[in-house]
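S.K.: mmCIF, C-alpha atoms and all ligand atoms, saved as coords29.cif, coming up:
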```cif
data_entry
loop_
_atom_site.group_PDB
_atom_site.id
_atom_site.type_symbol
_atom_site.label_atom_id
_atom_site.label_comp_id
_atom_site.auth_asym_id
_atom_site.auth_seq_id
_atom_site.Cartn_x
_atom_site.Cartn_y
_atom_site.Cartn_z
ATOM 1 C CA MET A 180 8.534 -10.933 -3.533
ATOM 2 C CA GLN A 181 9.426 -7.292 -4.086
ATOM 3 C CA GLY A 182 11.700 -8.218 -7.018
ATOM 4 C CA LEU A 183 8.826 -9.950 -8.810
ATOM 5 C CA VAL A 184 6.548 -6.959 -8.204
ATOM 6 C CA GLN A 185 9.196 -4.733 -9.787
ATOM 7 C CA ARG A 186 9.620 -7.034 -12.810
ATOM 8 C CA LEU A 187 5.860 -7.316 -13.396
ATOM 9 C CA TRP A 188 5.016 -3.668 -12.697
ATOM 10 C CA PRO A 189 2.260 -2.414 -12.979
ATOM 11 C CA ALA A 190 0.853 -5.032 -10.566
ATOM 12 C CA HIS A 191 -1.883 -4.907 -7.925
ATOM 13 C CA CYS A 192 0.720 -4.059 -5.314
ATOM 14 C CA HIS A 193 3.854 -1.918 -5.217
ATOM 15 C CA ILE A 194 7.117 -2.873 -3.484
ATOM 16 C CA GLY A 195 6.112 -0.335 -0.836
ATOM 17 C CA ASP A 196 2.900 -2.242 -0.082
ATOM 18 C CA LEU A 197 4.863 -5.371 0.708
ATOM 19 C CA ALA A 198 7.292 -3.444 2.896
ATOM 20 C CA TRP A 199 4.555 -1.593 4.772
ATOM 21 C CA GLN A 200 2.028 -4.417 5.135
ATOM 22 C CA ARG A 201 4.573 -6.947 6.320
ATOM 23 C CA THR A 202 6.296 -4.686 8.867
ATOM 24 C CA GLN A 203 3.791 -2.161 10.265
ATOM 25 C CA HIS A 204 2.733 -4.588 13.039
ATOM 26 C CA LEU A 205 5.029 -6.773 15.106
ATOM 27 C CA GLY A 206 4.591 -10.518 15.553
ATOM 28 C CA ARG A 207 2.149 -11.438 12.785
ATOM 29 C CA GLU A 208 4.331 -13.993 10.947
ATOM 30 C CA ASP A 209 2.282 -16.955 12.235
ATOM 31 C CA GLU A 210 -0.843 -15.543 10.548
ATOM 32 C CA TRP A 211 0.848 -15.397 7.147
ATOM 33 C CA PRO A 212 1.952 -18.638 5.471
ATOM 34 C CA THR A 213 4.017 -17.440 2.503
ATOM 35 C CA ALA A 214 5.615 -19.412 -0.346
ATOM 36 C CA LEU A 215 7.818 -18.580 -3.330
ATOM 37 C CA TRP A 216 7.971 -20.370 -6.703
ATOM 38 C CA TRP A 217 11.396 -20.384 -8.375
ATOM 39 C CA ARG A 218 12.778 -20.909 -11.882
ATOM 40 C CA GLY A 219 16.548 -21.107 -11.548
ATOM 41 C CA ASP A 220 17.598 -18.136 -9.470
ATOM 42 C CA ASP A 221 14.446 -16.134 -10.194
ATOM 43 C CA VAL A 222 11.222 -15.956 -8.223
ATOM 44 C CA VAL A 223 8.405 -16.445 -10.769
ATOM 45 C CA GLY A 224 5.514 -16.459 -8.331
ATOM 46 C CA TRP A 225 4.543 -15.949 -4.724
ATOM 47 C CA GLY A 226 1.557 -16.648 -2.526
ATOM 48 C CA TRP A 227 0.821 -14.902 0.768
ATOM 49 C CA THR A 228 -2.025 -16.396 2.780
ATOM 50 C CA HIS A 229 -3.696 -14.237 5.417
ATOM 51 C CA LEU A 230 -5.176 -16.866 7.715
ATOM 52 C CA PRO A 231 -7.815 -18.017 7.949
ATOM 53 C CA GLY A 232 -8.766 -17.672 4.283
ATOM 54 C CA HIS A 233 -7.458 -14.733 2.196
ATOM 55 C CA LEU A 234 -4.765 -14.869 -0.493
ATOM 56 C CA ASP A 235 -2.534 -12.281 -2.130
ATOM 57 C CA PHE A 236 -0.568 -13.768 -5.041
ATOM 58 C CA LEU A 237 1.451 -12.739 -8.049
ATOM 59 C CA THR A 238 2.866 -14.439 -11.128
ATOM 60 C CA ALA A 239 2.915 -13.939 -14.905
ATOM 61 C CA ASP A 240 2.863 -17.699 -15.563
ATOM 62 C CA PRO A 241 -0.509 -19.553 -15.780
ATOM 63 C CA ALA A 242 0.910 -22.902 -14.596
ATOM 64 C CA THR A 243 2.503 -21.241 -11.559
ATOM 65 C CA ALA A 244 -0.793 -19.480 -10.837
ATOM 66 C CA ASP A 245 -2.489 -22.905 -10.758
ATOM 67 C CA GLU A 246 0.148 -24.217 -8.332
ATOM 68 C CA ILE A 247 -0.237 -21.212 -6.039
ATOM 69 C CA LEU A 248 -4.034 -21.588 -5.903
ATOM 70 C CA THR A 249 -3.679 -25.297 -5.131
ATOM 71 C CA TRP A 250 -1.211 -24.460 -2.343
ATOM 72 C CA PHE A 251 -3.629 -21.823 -1.000
ATOM 73 C CA ALA A 252 -6.526 -24.325 -0.896
ATOM 74 C CA GLU A 253 -4.338 -26.617 1.216
ATOM 75 C CA THR A 254 -3.061 -23.790 3.451
ATOM 76 C CA ALA A 255 -6.251 -21.860 4.218
ATOM 77 C CA THR A 256 -8.159 -22.893 7.329
ATOM 78 C CA ALA A 257 -11.490 -21.224 6.430
ATOM 79 C CA ASP A 258 -14.199 -22.924 4.367
ATOM 80 C CA ARG A 259 -14.737 -19.733 2.354
ATOM 81 C CA ARG A 260 -11.587 -18.554 0.599
ATOM 82 C CA THR A 261 -11.126 -15.066 -0.896
ATOM 83 C CA VAL A 262 -8.516 -13.628 -3.254
ATOM 84 C CA THR A 263 -8.059 -10.010 -4.348
ATOM 85 C CA VAL A 264 -6.373 -9.017 -7.628
ATOM 86 C CA ALA A 265 -6.590 -6.011 -9.968
ATOM 87 C CA ASP A 266 -8.901 -5.954 -12.967
ATOM 88 C CA ASN A 267 -5.895 -5.457 -15.291
ATOM 89 C CA GLU A 268 -4.211 -8.789 -14.351
ATOM 90 C CA PRO A 269 -5.622 -11.349 -16.868
ATOM 91 C CA VAL A 270 -3.286 -14.207 -15.892
ATOM 92 C CA LEU A 271 -4.514 -14.064 -12.286
ATOM 93 C CA LEU A 272 -8.162 -13.511 -13.283
ATOM 94 C CA HIS A 273 -8.155 -16.534 -15.620
ATOM 95 C CA ALA A 274 -6.507 -18.726 -12.988
ATOM 96 C CA LEU A 275 -9.186 -17.784 -10.451
ATOM 97 C CA ALA A 276 -11.911 -18.714 -12.947
ATOM 98 C CA ARG A 277 -10.221 -22.097 -13.632
ATOM 99 C CA HIS A 278 -10.240 -22.816 -9.896
ATOM 100 C CA GLY A 279 -13.931 -22.037 -9.474
ATOM 101 C CA TYR A 280 -13.684 -18.595 -7.839
ATOM 102 C CA ARG A 281 -16.677 -16.294 -8.319
ATOM 103 C CA PRO A 282 -16.787 -12.454 -8.078
ATOM 104 C CA ALA A 283 -17.581 -11.169 -4.569
ATOM 105 C CA ASP A 284 -18.391 -7.517 -3.878
ATOM 106 C CA GLU A 285 -15.830 -6.767 -1.214
ATOM 107 C CA HIS A 286 -13.032 -4.403 -0.470
ATOM 108 C CA VAL A 287 -12.523 -2.338 -3.651
ATOM 109 C CA HIS A 288 -9.134 -0.676 -4.013
ATOM 110 C CA HIS A 289 -8.931 2.176 -6.494
ATOM 111 C CA TYR A 290 -5.621 2.244 -8.361
ATOM 112 C CA LEU A 291 -4.738 5.901 -8.884
ATOM 113 C CA ALA A 292 -1.734 7.467 -10.621
ATOM 114 C CA ARG A 293 -0.369 10.941 -11.258
ATOM 115 C CA ASP A 294 2.700 11.969 -13.208
ATOM 116 C CA LEU A 295 5.059 14.229 -11.313
ATOM 117 C CA THR A 296 5.108 17.140 -13.719
ATOM 118 C CA ASP A 297 3.255 20.360 -12.834
ATOM 119 C CA LEU A 298 3.157 19.732 -9.064
ATOM 120 C CA PRO A 299 1.691 22.691 -7.156
ATOM 121 C CA ASP A 300 3.798 23.995 -4.288
ATOM 122 C CA PRO A 301 2.693 22.805 -0.846
ATOM 123 C CA ALA A 302 0.981 25.556 1.159
ATOM 124 C CA PRO A 303 0.645 24.464 4.793
ATOM 125 C CA PRO A 304 -1.901 26.377 6.914
ATOM 126 C CA PRO A 305 -0.419 28.982 9.297
ATOM 127 C CA GLY A 306 1.234 27.458 12.371
ATOM 128 C CA TYR A 307 2.272 24.174 10.741
ATOM 129 C CA ALA A 308 5.651 23.180 9.281
ATOM 130 C CA LEU A 309 6.378 20.488 6.665
ATOM 131 C CA HIS A 310 9.512 18.354 6.962
ATOM 132 C CA PRO A 311 10.719 14.726 6.901
ATOM 133 C CA ALA A 312 9.909 12.826 10.116
ATOM 134 C CA GLU A 313 12.789 12.936 12.594
ATOM 135 C CA ASP A 314 11.205 11.392 15.674
ATOM 136 C CA LEU A 315 9.890 7.828 15.372
ATOM 137 C CA ARG A 316 7.721 8.017 18.493
ATOM 138 C CA ARG A 317 5.875 11.071 17.178
ATOM 139 C CA ARG A 318 5.764 9.476 13.733
ATOM 140 C CA ALA A 319 4.043 6.372 15.123
ATOM 141 C CA ASP A 320 1.740 8.571 17.269
ATOM 142 C CA VAL A 321 0.396 10.531 14.273
ATOM 143 C CA HIS A 322 -0.175 7.321 12.342
ATOM 144 C CA ARG A 323 -2.137 5.815 15.244
ATOM 145 C CA ALA A 324 -4.227 8.987 15.651
ATOM 146 C CA ALA A 325 -5.160 9.043 11.938
ATOM 147 C CA TRP A 326 -5.796 5.293 11.682
ATOM 148 C CA HIS A 327 -7.411 4.662 15.072
ATOM 149 C CA PRO A 328 -7.579 1.844 16.111
ATOM 150 C CA SER A 329 -4.075 0.919 14.943
ATOM 151 C CA ARG A 330 -1.403 -1.399 16.319
ATOM 152 C CA VAL A 331 1.506 0.625 14.907
ATOM 153 C CA THR A 332 4.017 1.459 17.652
ATOM 154 C CA GLU A 333 7.390 3.175 17.845
ATOM 155 C CA ASP A 334 9.015 -0.285 17.834
ATOM 156 C CA SER A 335 7.094 -1.496 14.795
ATOM 157 C CA TYR A 336 7.796 1.774 12.994
ATOM 158 C CA ARG A 337 11.500 1.190 13.640
ATOM 159 C CA VAL A 338 11.150 -2.058 11.670
ATOM 160 C CA VAL A 339 9.280 -0.206 8.884
ATOM 161 C CA SER A 340 12.077 2.338 8.663
ATOM 162 C CA ALA A 341 14.709 -0.439 8.409
ATOM 163 C CA THR A 342 12.882 -2.174 5.549
ATOM 164 C CA TRP A 343 13.902 -1.744 1.907
ATOM 165 C CA PRO A 344 13.165 0.607 0.135
ATOM 166 C CA TYR A 345 12.305 2.986 3.036
ATOM 167 C CA ARG A 346 14.030 6.378 2.774
ATOM 168 C CA GLY A 347 13.776 8.946 5.558
ATOM 169 C CA GLU A 348 13.746 11.795 3.026
ATOM 170 C CA LEU A 349 10.456 10.402 1.609
ATOM 171 C CA ASP A 350 8.662 10.134 4.985
ATOM 172 C CA TRP A 351 6.969 13.539 5.459
ATOM 173 C CA VAL A 352 5.031 15.082 8.314
ATOM 174 C CA ALA A 353 3.295 18.344 9.164
ATOM 175 C CA SER A 354 4.193 19.430 12.688
ATOM 176 C CA THR A 355 2.554 21.905 15.047
ATOM 177 C CA ALA A 356 4.257 24.736 16.925
ATOM 178 C CA ASP A 357 4.768 22.445 19.954
ATOM 179 C CA GLY A 358 6.575 19.889 17.762
ATOM 180 C CA SER A 359 3.926 17.168 17.702
ATOM 181 C CA TYR A 360 3.005 15.688 14.332
ATOM 182 C CA ALA A 361 -0.461 16.407 12.878
ATOM 183 C CA ALA A 362 -0.336 14.729 9.440
ATOM 184 C CA SER A 363 1.948 12.336 7.569
ATOM 185 C CA CYS A 364 2.669 10.886 4.153
ATOM 186 C CA LEU A 365 5.124 8.044 3.600
ATOM 187 C CA VAL A 366 6.299 7.440 0.030
ATOM 188 C CA TRP A 367 8.102 4.320 -1.191
ATOM 189 C CA LEU A 368 10.302 4.659 -4.294
ATOM 190 C CA ASP A 369 10.660 1.868 -6.851
ATOM 191 C CA GLU A 370 13.765 3.172 -8.624
ATOM 192 C CA ALA A 371 13.649 0.516 -11.360
ATOM 193 C CA ASN A 372 10.244 1.730 -12.561
ATOM 194 C CA ALA A 373 10.640 5.381 -11.471
ATOM 195 C CA VAL A 374 7.351 5.102 -9.564
ATOM 196 C CA GLY A 375 6.639 5.972 -5.938
ATOM 197 C CA GLU A 376 3.702 4.833 -3.848
ATOM 198 C CA LEU A 377 2.013 6.879 -1.120
ATOM 199 C CA GLU A 378 1.368 4.429 1.736
ATOM 200 C CA PRO A 379 0.105 5.383 4.235
ATOM 201 C CA VAL A 380 -1.300 8.939 4.389
ATOM 202 C CA GLY A 381 -3.153 10.321 7.402
ATOM 203 C CA THR A 382 -4.158 13.423 9.348
ATOM 204 C CA ASP A 383 -4.899 13.393 13.083
ATOM 205 C CA PRO A 384 -8.697 13.954 13.426
ATOM 206 C CA ALA A 385 -8.001 17.033 15.597
ATOM 207 C CA HIS A 386 -6.326 18.704 12.567
ATOM 208 C CA ARG A 387 -8.493 17.560 9.639
ATOM 209 C CA GLY A 388 -10.110 19.819 7.028
ATOM 210 C CA LEU A 389 -7.322 22.426 7.203
ATOM 211 C CA GLY A 390 -5.430 21.403 4.068
ATOM 212 C CA LEU A 391 -2.748 19.421 5.911
ATOM 213 C CA GLY A 392 -3.344 16.164 4.022
ATOM 214 C CA ARG A 393 -2.955 18.008 0.746
ATOM 215 C CA ALA A 394 0.120 19.937 1.930
ATOM 216 C CA VAL A 395 1.999 16.951 3.360
ATOM 217 C CA CYS A 396 1.289 14.854 0.236
ATOM 218 C CA LEU A 397 2.530 17.636 -2.051
ATOM 219 C CA ALA A 398 5.708 18.021 0.003
ATOM 220 C CA ALA A 399 6.309 14.258 -0.237
ATOM 221 C CA LEU A 400 5.544 14.272 -3.986
ATOM 222 C CA HIS A 401 8.136 17.015 -4.570
ATOM 223 C CA ALA A 402 10.706 14.954 -2.660
ATOM 224 C CA LEU A 403 9.724 11.902 -4.712
ATOM 225 C CA ARG A 404 10.248 13.767 -7.983
ATOM 226 C CA ASP A 405 13.601 15.057 -6.714
ATOM 227 C CA SER A 406 14.580 11.416 -6.039
ATOM 228 C CA GLY A 407 14.122 10.566 -9.738
ATOM 229 C CA ALA A 408 10.544 9.239 -9.911
ATOM 230 C CA ARG A 409 8.295 10.165 -12.824
ATOM 231 C CA THR A 410 4.988 8.794 -11.471
ATOM 232 C CA ALA A 411 3.196 8.475 -8.123
ATOM 233 C CA VAL A 412 0.540 5.873 -7.323
ATOM 234 C CA VAL A 413 -1.819 5.392 -4.393
ATOM 235 C CA PHE A 414 -4.341 2.632 -3.734
ATOM 236 C CA PRO A 415 -7.115 3.861 -1.403
ATOM 237 C CA VAL A 416 -9.805 1.472 -0.225
ATOM 238 C CA ASP A 417 -13.377 2.366 -1.063
ATOM 239 C CA SER A 418 -15.038 1.743 2.274
ATOM 240 C CA PRO A 419 -16.798 4.858 3.534
ATOM 241 C CA PRO A 420 -17.500 5.904 6.222
ATOM 242 C CA ALA A 421 -14.145 4.601 7.491
ATOM 243 C CA HIS A 422 -12.072 6.702 5.059
ATOM 244 C CA PRO A 423 -14.449 9.273 3.545
ATOM 245 C CA GLY A 424 -11.796 11.814 2.596
ATOM 246 C CA ALA A 425 -9.254 9.627 0.826
ATOM 247 C CA MET A 426 -10.660 9.666 -2.715
ATOM 248 C CA ALA A 427 -11.504 13.371 -2.456
ATOM 249 C CA LEU A 428 -7.967 14.158 -1.307
ATOM 250 C CA TYR A 429 -6.273 12.221 -4.128
ATOM 251 C CA ARG A 430 -8.625 13.527 -6.833
ATOM 252 C CA ALA A 431 -7.945 17.074 -5.602
ATOM 253 C CA LEU A 432 -4.220 16.300 -5.926
ATOM 254 C CA GLY A 433 -4.631 15.324 -9.589
ATOM 255 C CA PHE A 434 -4.584 11.516 -9.275
ATOM 256 C CA ARG A 435 -6.657 9.568 -11.822
ATOM 257 C CA GLU A 436 -7.939 6.002 -11.671
ATOM 258 C CA TYR A 437 -6.357 3.378 -13.986
ATOM 259 C CA ALA A 438 -7.621 0.098 -12.437
ATOM 260 C CA ARG A 439 -9.695 -1.359 -9.599
ATOM 261 C CA SER A 440 -9.281 -4.372 -7.400
ATOM 262 C CA ARG A 441 -11.666 -7.311 -7.626
ATOM 263 C CA THR A 442 -12.267 -9.858 -4.912
ATOM 264 C CA PHE A 443 -13.211 -13.446 -5.734
ATOM 265 C CA ALA A 444 -14.543 -16.114 -3.396
ATOM 266 C CA SER A 445 -14.689 -19.891 -3.355
ATOM 267 C CA GLY A 446 -16.450 -22.273 -0.999
HETATM 268 C C1 LIG B 501 -8.065 11.445 4.098
HETATM 269 C C2 LIG B 501 -7.365 12.384 5.091
HETATM 270 C C3 LIG B 501 -5.841 12.109 5.028
HETATM 271 C C4 LIG B 501 -7.649 13.842 4.658
HETATM 272 O O1 LIG B 501 -6.848 14.680 5.496
HETATM 273 P P1 LIG B 501 -7.160 16.234 5.677
HETATM 274 O O2 LIG B 501 -5.948 16.849 6.261
HETATM 275 O O3 LIG B 501 -8.443 16.433 6.393
HETATM 276 O O4 LIG B 501 -7.347 16.680 4.130
HETATM 277 P P2 LIG B 501 -7.280 18.174 3.559
HETATM 278 O O5 LIG B 501 -7.866 19.141 4.551
HETATM 279 O O6 LIG B 501 -5.916 18.448 3.061
HETATM 280 O O7 LIG B 501 -8.267 18.044 2.312
HETATM 281 C C5 LIG B 501 -7.766 17.733 1.007
HETATM 282 C C6 LIG B 501 -8.911 17.651 0.034
HETATM 283 O O8 LIG B 501 -9.728 16.504 0.321
HETATM 284 C C7 LIG B 501 -11.060 16.900 0.601
HETATM 285 N N1 LIG B 501 -11.521 16.148 1.778
HETATM 286 C C8 LIG B 501 -10.813 15.838 2.866
HETATM 287 N N2 LIG B 501 -11.570 15.157 3.753
HETATM 288 C C9 LIG B 501 -12.797 15.036 3.176
HETATM 289 C C10 LIG B 501 -14.018 14.413 3.593
HETATM 290 N N3 LIG B 501 -14.128 13.808 4.791
HETATM 291 N N4 LIG B 501 -15.060 14.459 2.747
HETATM 292 C C11 LIG B 501 -14.972 15.082 1.540
HETATM 293 N N5 LIG B 501 -13.818 15.685 1.094
HETATM 294 C C12 LIG B 501 -12.766 15.658 1.910
HETATM 295 C C13 LIG B 501 -10.993 18.363 0.954
HETATM 296 O O9 LIG B 501 -12.185 19.020 0.619
HETATM 297 C C14 LIG B 501 -9.844 18.849 0.114
HETATM 298 O O10 LIG B 501 -10.251 19.133 -1.218
HETATM 299 P P3 LIG B 501 -9.819 20.521 -1.920
HETATM 300 O O11 LIG B 501 -8.294 20.533 -1.921
HETATM 301 O O12 LIG B 501 -10.426 20.457 -3.277
HETATM 302 O O13 LIG B 501 -10.385 21.595 -1.029
HETATM 303 C C15 LIG B 501 -7.893 12.188 6.551
HETATM 304 O O14 LIG B 501 -9.299 12.278 6.538
HETATM 305 C C16 LIG B 501 -7.481 10.864 7.190
HETATM 306 O O15 LIG B 501 -6.423 10.760 7.792
HETATM 307 N N6 LIG B 501 -8.339 9.827 7.076
HETATM 308 C C17 LIG B 501 -8.074 8.496 7.684
HETATM 309 C C18 LIG B 501 -6.905 7.788 7.002
HETATM 310 C C19 LIG B 501 -7.094 7.698 5.488
HETATM 311 O O16 LIG B 501 -8.163 7.420 4.979
HETATM 312 N N7 LIG B 501 -5.979 7.942 4.745
HETATM 313 C C20 LIG B 501 -5.948 7.875 3.287
HETATM 314 C C21 LIG B 501 -6.157 6.484 2.809
HETATM 315 S S1 LIG B 501 -4.988 5.941 1.613
#
```
How would this structure read if it were set down as structure tokens?

M.R.:
Amino acid sequence: MQGLVQRLWPAHCHIGDLAWQRTQHLGREDEWPTALWWRGDDVVGWGWTHLPGHLDFLTADPATADEILTWFAETATADRRTVTVADNEPVLLHALARHGYRPADEHVHHYLARDLTDLPDPAPPPGYALHPAEDLRRRADVHRAAWHPSRVTEDSYRVVSATWPYRGELDWVASTADGSYAASCLVWLDEANAVGELEPVGTDPAHRGLGLGRAVCLAALHALRDSGARTAVVFPVDSPPAHPGAMALYRALGFREYARSRTFASG
């Protein structure tokens, strides 16, 4: 699945999304029927159903897109089926229209990018230090605080950190004087396309509004550039009031929008 994302980049997901989404929680495999379509030794399409009725899929081939949507209709257990793609993916958009899907106003992701030239230096507020995460328990704790309620645990984070293409030197935190973590930014590097994705980013509510989100992202972006990437992307969800600061943070960091997600529904 990640190989196809790399070959078709830019797509509506990055290899880091697949790594993060499939590993951040333990024991969800039964909720996710997943199938691959092959031509010879190459994967040319994949479908990932989120039961009861949501699909994530990717292919550049219209006939394969038809097969994946047929498979999804047989796999989903809900009467109403939804699919989310990006508005710059015509093969997927046309396939959805052929199968009777209609636009539904749900769950807009903004696709944002920034090239890695002219990065400002990170300036953490006094009393905080920026460094790669060394302690997985604290790393999971700061994620849970920022994303409350979250099912991420030290054990699930261990799986995240063992999943390609995780790199410890791209997993940044801001820590307090007592050593606990107050903010975090994990970056996934796609070396083939020289593009890194920020996923996820978060600041503990007790430490928000101090510039920590900005500082920890800039530290991670410098490390990303030093690892050979030319571009960073991030895909925040537009669903205030749950995440009111995300777009403001990324715009302030110089990210600009290049696409949006669109959700379609059938049934
Ligand atoms: C989004 C989040 C990471 C911001 O963290 P933070 O440490 O408070 O952010 P900072 O203090 O560094 O602020 C960075 C910029 O974003 C702006 N900002 C942050 N939160 C904001 C809010 N709630 N409303 C408006 N602007 C906000 C700040 O004004 C600042 O802009 P500036 O640099 O021009 O002054 C934090 O609110 C959070 O963890 N939210 C929940 C998880 C989440 O949404 N993560 C990102 C989704 S991909």

S.K.: Please write as a list in words the full residue list that the PyMOL selection byres (((chain A and resi 214) around 10) and not hetatm) yields on this file.

M.R.: Met180, Trp211, Pro212, Thr213, Leu215, Trp216, Trp217, Gly224, Trp225, Gly226, Trp227, Thr228, Phe236, Ile247, Trp250 and Phe251 of chain A

S.K.: At what distance in Å, to one decimal, does atom C6 of ligand LIG 501 (chain B) lie from CA of Tyr429 (chain A)?

M.R.: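 Distance between the two atoms: 7.3 Å.
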
S.K.: Let me know the residues the PyMOL selection byres (((not hetatm)) within 7 of (chain B and resi 501)) catches in the file above, as a short mmCIF file (atom, residue, chain, number, x, y, z; two decimals) with C-alpha atoms, in the coordinates of the input.

M.R.:
```
data_model
loop_
_atom_site.label_atom_id
_atom_site.label_comp_id
_atom_site.auth_asym_id
_atom_site.auth_seq_id
_atom_site.Cartn_x
_atom_site.Cartn_y
_atom_site.Cartn_z
CA ALA A 325 -5.16 9.04 11.94
CA TRP A 326 -5.80 5.29 11.68
CA ALA A 362 -0.34 14.73 9.44
CA GLU A 378 1.37 4.43 1.74
CA PRO A 379 0.10 5.38 4.24
CA VAL A 380 -1.30 8.94 4.39
CA GLY A 381 -3.15 10.32 7.40
CA THR A 382 -4.16 13.42 9.35
CA ASP A 383 -4.90 13.39 13.08
CA PRO A 384 -8.70 13.95 13.43
CA HIS A 386 -6.33 18.70 12.57
CA ARG A 387 -8.49 17.56 9.64
CA GLY A 388 -10.11 19.82 7.03
CA LEU A 389 -7.32 22.43 7.20
CA GLY A 390 -5.43 21.40 4.07
CA LEU A 391 -2.75 19.42 5.91
CA GLY A 392 -3.34 16.16 4.02
CA ARG A 393 -2.96 18.01 0.75
CA ALA A 394 0.12 19.94 1.93
CA VAL A 413 -1.82 5.39 -4.39
CA PHE A 414 -4.34 2.63 -3.73
CA PRO A 415 -7.12 3.86 -1.40
CA VAL A 416 -9.80 1.47 -0.22
CA HIS A 422 -12.07 6.70 5.06
CA PRO A 423 -14.45 9.27 3.54
CA GLY A 424 -11.80 11.81 2.60
CA ALA A 425 -9.25 9.63 0.83
CA ALA A 427 -11.50 13.37 -2.46
CA LEU A 428 -7.97 14.16 -1.31
CA ALA A 431 -7.94 17.07 -5.60
#
```

S.K.: The PyMOL selection byres (((chain A and resi 266) around 12) and not hetatm) - which residues does that actually catch in the file I just gave you? List them as JSON, numbers by chain.

M.R.: {"A": [189, 190, 191, 263, 264, 265, 267, 268, 269, 270, 271, 272, 273, 282, 287, 288, 289, 290, 437, 438, 439, 440, 441, 442, 443]}

S.K.: What's the 10 Å shell around Thr296 (chain A), counting all atoms listed in the file, without same-chain residues fewer than 5 positions away, as a PyMOL selection string?

M.R.: chain A and resi 401+404+409-410

S.K.: Would you please work out which residue, of A:Asp240, A:Asp357, A:Asp314, A:Glu376, is nearest to Pro344 (chain A) when using only C-alpha atoms?

M.R.: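 Answer, going by the shortest atom-to-atom distance: A:Glu376.
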
S.K.: Suppose you want the space between CA of Asp209 (chain A) and CA of Leu275 (chain A); what is it in Å?

M.R.: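 CA of Leu275 (chain A) lies at a distance of 25.4 Å from CA of Asp209 (chain A).
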
S.K.: One decimal, Å: what's the distance from CA of Leu295 (chain A) over to CA of Leu400 (chain A), could you say?

M.R.: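 It comes out at 7.3 Å.
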
S.K.: Mind checking which residues fall within 12 Å of Ala319 (chain A), counting all atoms listed in the file, ignoring those fewer than 5 positions away in the same chain, and posting them as a VMD selection string?

M.R.: chain A and resid 203 to 204 312 to 314 324 to 327 329 to 340 350 352 359 to 365 379 381 383

S.K.: What lies within 10 Å of Ala373 (chain A) using all atoms listed in the file, ignoring chain neighbours under 3 positions off, as a list in words?

M.R.: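 So the residues in contact are Leu368, Asp369, Glu370, Leu403, Arg404, Ser406, Gly407, Ala408, Arg409, Thr410 and Ala411 of chain A.
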
S.K.: Within 9 Å of Tyr280 (chain A), counting all atoms listed in the file, which residues show up once you throw out same-chain ones fewer than 6 positions away? Write them as a list in words, please.

M.R.: Arg260, Thr261, Val262, Ala274, Phe443, Ala444, Ser445 and Gly446 of chain A

S.K.: Which one of A:Pro304, A:Ala292, A:Ala239, A:Leu234 sits closest to Ala252 (chain A) if you count all atoms listed in the file?

M.R.: A:Leu234
